[in-house]
Structure formats: structure tokens, C-alpha cells
Amino acid sequence: MSMPNIKSEPELRQDLIRICRMMSLKNYVAATDGNVTIRMGDRIIATPSGVNKGFLEADQLLVTDLDGQLVSGVGRPTTEIRIHLLVYQMRPEVQAVVHAHAPLATAFSIADILLPADLLPEVIMTLGAIPTTEYATPASEEGPEVIRPWVPSCDAMILKRHGTLTLGRDVYEAYNRLEKIEHLAAVALAAHSLGRSPRLSKAQVRRLAQIGVDSGYISPAAAQLACAGVKKSAGKPKKG
Ligand SMILES: [Zn+2]
């Protein structure tokens, strides 16, 4: 019988720091941008506000309750913690949330172009669909509202003119989804500049989405969204 892999708080803090350094090295965040949280039962380990992710140390991380109230640590939790809290409230199985300001993915949202998930088979299988939310003033109470329609079905989304939001069963999964998004944005841009970027056929997308569901990578709702096309649903997302 296999034991569930439950990590200690020091181990989770170390995981979170590793992800922050990686985000910084990969240029997914600039200066003090971005934030990462890991759920620990009824507590959340969160990056503090105003610290460059490349220089963050484990003892600077904060612990809050599920309402974002500081439980331990010195400083202010990330200003965008409301977004993280809503995710944990709506998706009890999610154990980590990664928010970055990945430049290429963000540029697509400024150009008002949905990320074309149907360029790469792997993206359909592992992410399904990547919606772009409505615009919200960063760190405002609008932040959670614009993600709310997508949280029930999607593990990866673009916050318009702002950045990426990815969810995972652990922080590595959430981070990997961020890497996938920015990689897709880079490939899409390169293919576009080469002059031809044909999409996968609807039948190919259907088949890939089914594999994604069968393999446990994506939810049936995400598969449905991938097959229907995010665009069509974007006007009236399902309320969660
Ligand atoms: Zn942000």
C-alpha cells in the first residue's frame, strides 16, 4: 500500500522557493511581479508582497489562513492573494497556485488573440483549453471575479494585460503549466512569423482531449472547452 506523499512545511517552503527562482531565471516575472501559494490543509504558504522572486528566501514566506489573514511571518501577503483564495475555495483538490507575468502569453492577451492551444497536441492533452479572462485592475476585488467563470474547468488561464494563472495538485504541476503556456506562446509567434500556422483538425483535437481526460491530465469540462473552442464560450462562461 502506498503512503500519500505528505510533505512537511519546511519541504513545501523549499519547493515554493525553487519555483520562484525558476520563474525569475526564465523571465516569467520582472522585479517583484508574480506570486505563488501552496495549500497546507487550512493554511496557505504565500510569497510576501514586494520581494523579487529571484532573491526570496524560505524564511521570508508567510503563512495565512484560507481568508488570507496572516498567521505567521513578517510582511504583507501578496496583493493578489484574493485570486489564490478563490481558487482554493472553488477547487478543493488544488494544492498550489502560480501567478506569473510571462511576457509572450501576456502579449497575446494585449493583441486580443486567444492562445492557440490547438497548435500543439501536448497542450490539448495536458491543458485542454487556455481561456483569457476579462481585464481587471491588478490586486483589486475585480481580480477574483474575472477568473471565477473559468476556475471550475481550467487549470491554466491568461489574465488580460496582466499575466498567467496556473493551478496544480502540487506547485511543480502548477509551474509546469506556466512553462507550457509560455512555450506555446513562443511557438505560436514563431510559426506565425514563418507565415503558416495551421491548427490541428477538430477530430484531432477531440482525440487528444479524450487522451487528456483518460490520462487524468485534464477534466472532462476542460476537454469540452478545448473541443468547443474557448472563443465561442468566452462571451458567456459558465458560472461556477
Ligand atoms: Zn500579477
# chains A, B, ... in the order shown; residues from 1 in each chain; ligands from 1
$ residues_near_ligand --ligand "ligand 1" --cutoff "7 Å" --atoms "only C-alpha atoms and all ligand atoms" --output "list in words"
Asp33, Gly34, Glu80, His99, Ala100, His101, Pro138, His162 and Gly163 of chain A
$ write_last_selection --atoms "C-alpha atoms" --output "PDB file, in the first residue's frame"
ATOM      1  CA  ASP A  33       5.997  40.615 -10.038  1.00  0.00           C
ATOM      2  CA  GLY A  34       4.156  37.359  -9.620  1.00  0.00           C
ATOM      3  CA  GLU A  80      -3.063  39.282  -5.455  1.00  0.00           C
ATOM      4  CA  HIS A  99       0.795  33.541 -10.990  1.00  0.00           C
ATOM      5  CA  ALA A 100       3.427  34.981 -13.346  1.00  0.00           C
ATOM      6  CA  HIS A 101       3.782  37.856 -15.772  1.00  0.00           C
ATOM      7  CA  PRO A 138      -4.426  44.161 -10.654  1.00  0.00           C
ATOM      8  CA  HIS A 162      -1.530  41.031 -16.809  1.00  0.00           C
ATOM      9  CA  GLY A 163      -0.118  37.505 -16.863  1.00  0.00           C
TER      10      GLY A 163
END
$ select_by_dssp --residues "region 107-232 of chain A" --states "helix (DSSP H, G or I)" --output "NGL selection string"
:A and (107-110 or 117-119 or 121-127 or 142-147 or 171-194 or 202-214 or 220-228 or 230-232)
$ closest_atom_pairs --of "region 157-189 of chain A" --to "region 193-210 of chain A" --cutoff "10 Å" --atoms "only C-alpha atoms" --output "Markdown table"
| residue | atom | partner | partner_atom | distance |
| --- | --- | --- | --- | --- |
| A:Val187 | CA | A:Ser197 | CA | 9.5 |
| A:Ala188 | CA | A:Ser197 | CA | 7.4 |
| A:Leu189 | CA | A:Ser193 | CA | 6.2 |
$ write_last_selection --atoms "N, CA and C atoms" --output "PDB file, in the first residue's frame"
ATOM      1  N   VAL A 187       6.046  29.363 -29.585  1.00  0.00           N
ATOM      2  CA  VAL A 187       5.903  28.577 -30.816  1.00  0.00           C
ATOM      3  C   VAL A 187       4.882  29.231 -31.747  1.00  0.00           C
ATOM      4  N   ALA A 188       3.783  29.685 -31.176  1.00  0.00           N
ATOM      5  CA  ALA A 188       2.731  30.305 -31.995  1.00  0.00           C
ATOM      6  C   ALA A 188       3.260  31.547 -32.701  1.00  0.00           C
ATOM      7  N   LEU A 189       4.036  32.321 -31.963  1.00  0.00           N
ATOM      8  CA  LEU A 189       4.606  33.540 -32.525  1.00  0.00           C
ATOM      9  C   LEU A 189       5.599  33.201 -33.644  1.00  0.00           C
TER      10      LEU A 189
END
$ closest_residue --among "A:Ile130, A:Ala186, A:Leu167, A:Leu178" --to "Val230 (chain A)" --atoms "only C-alpha atoms"
A:Ile130
$ atom_distance --atom1 "CA of Lys180 (chain A)" --atom2 "CA of Leu85 (chain A)"
23.5 Å
$ residues_around --residues "Arg13 (chain A)" --least-positions-apart "2" --cutoff "12 Å" --atoms "only C-alpha atoms" --output "ChimeraX atom specification"
/A:7-11,15-20,36-40,44-47,56-63,96,171
$ closest_atom_pairs --of "region 8-96 of chain A" --to "region 102-115 of chain A" --cutoff "9 Å" --atoms "only C-alpha atoms" --output "CSV"
residue,atom,partner,partner_atom,distance
A:Met23,CA,A:Ala102,CA,8.8
A:Lys26,CA,A:Ala102,CA,8.9
A:Asn27,CA,A:Ala102,CA,7.1
A:Tyr28,CA,A:Ala102,CA,4.2
A:Val29,CA,A:Ala102,CA,6.2
A:Ala30,CA,A:Ala102,CA,8.9
$ write_last_selection --atoms "N, CA and C atoms" --output "tab-separated table (two decimals), in the first residue's frame"
chain	number	residue	atom	x	y	z
A	23	MET	N	11.05	30.79	-11.93
A	23	MET	CA	10.25	31.83	-12.61
A	23	MET	C	11.09	33.04	-12.92
A	26	LYS	N	13.71	32.22	-15.71
A	26	LYS	CA	13.06	32.05	-17.00
A	26	LYS	C	12.43	33.34	-17.53
A	27	ASN	N	12.58	34.41	-16.78
A	27	ASN	CA	11.97	35.69	-17.16
A	27	ASN	C	10.44	35.64	-17.22
A	28	TYR	N	9.86	34.84	-16.36
A	28	TYR	CA	8.40	34.79	-16.29
A	28	TYR	C	7.86	35.89	-15.37
A	29	VAL	N	8.77	36.53	-14.64
A	29	VAL	CA	8.38	37.64	-13.76
A	29	VAL	C	9.46	38.72	-13.86
A	30	ALA	N	9.08	39.96	-13.65
A	30	ALA	CA	10.05	41.05	-13.62
A	30	ALA	C	9.99	41.70	-12.25
$ atom_distance --atom1 "CA of Ala191 (chain A)" --atom2 "CA of Val123 (chain A)"
15.6 Å
$ closest_residue --among "A:Gly41, A:Pro92, A:Pro48, A:Pro131" --to "Ile158 (chain A)" --atoms "only C-alpha atoms"
A:Pro131
$ closest_residue --among "A:Gln224, A:Thr126, A:Asn35, A:Thr133" --to "Arg82 (chain A)" --atoms "only C-alpha atoms"
A:Asn35
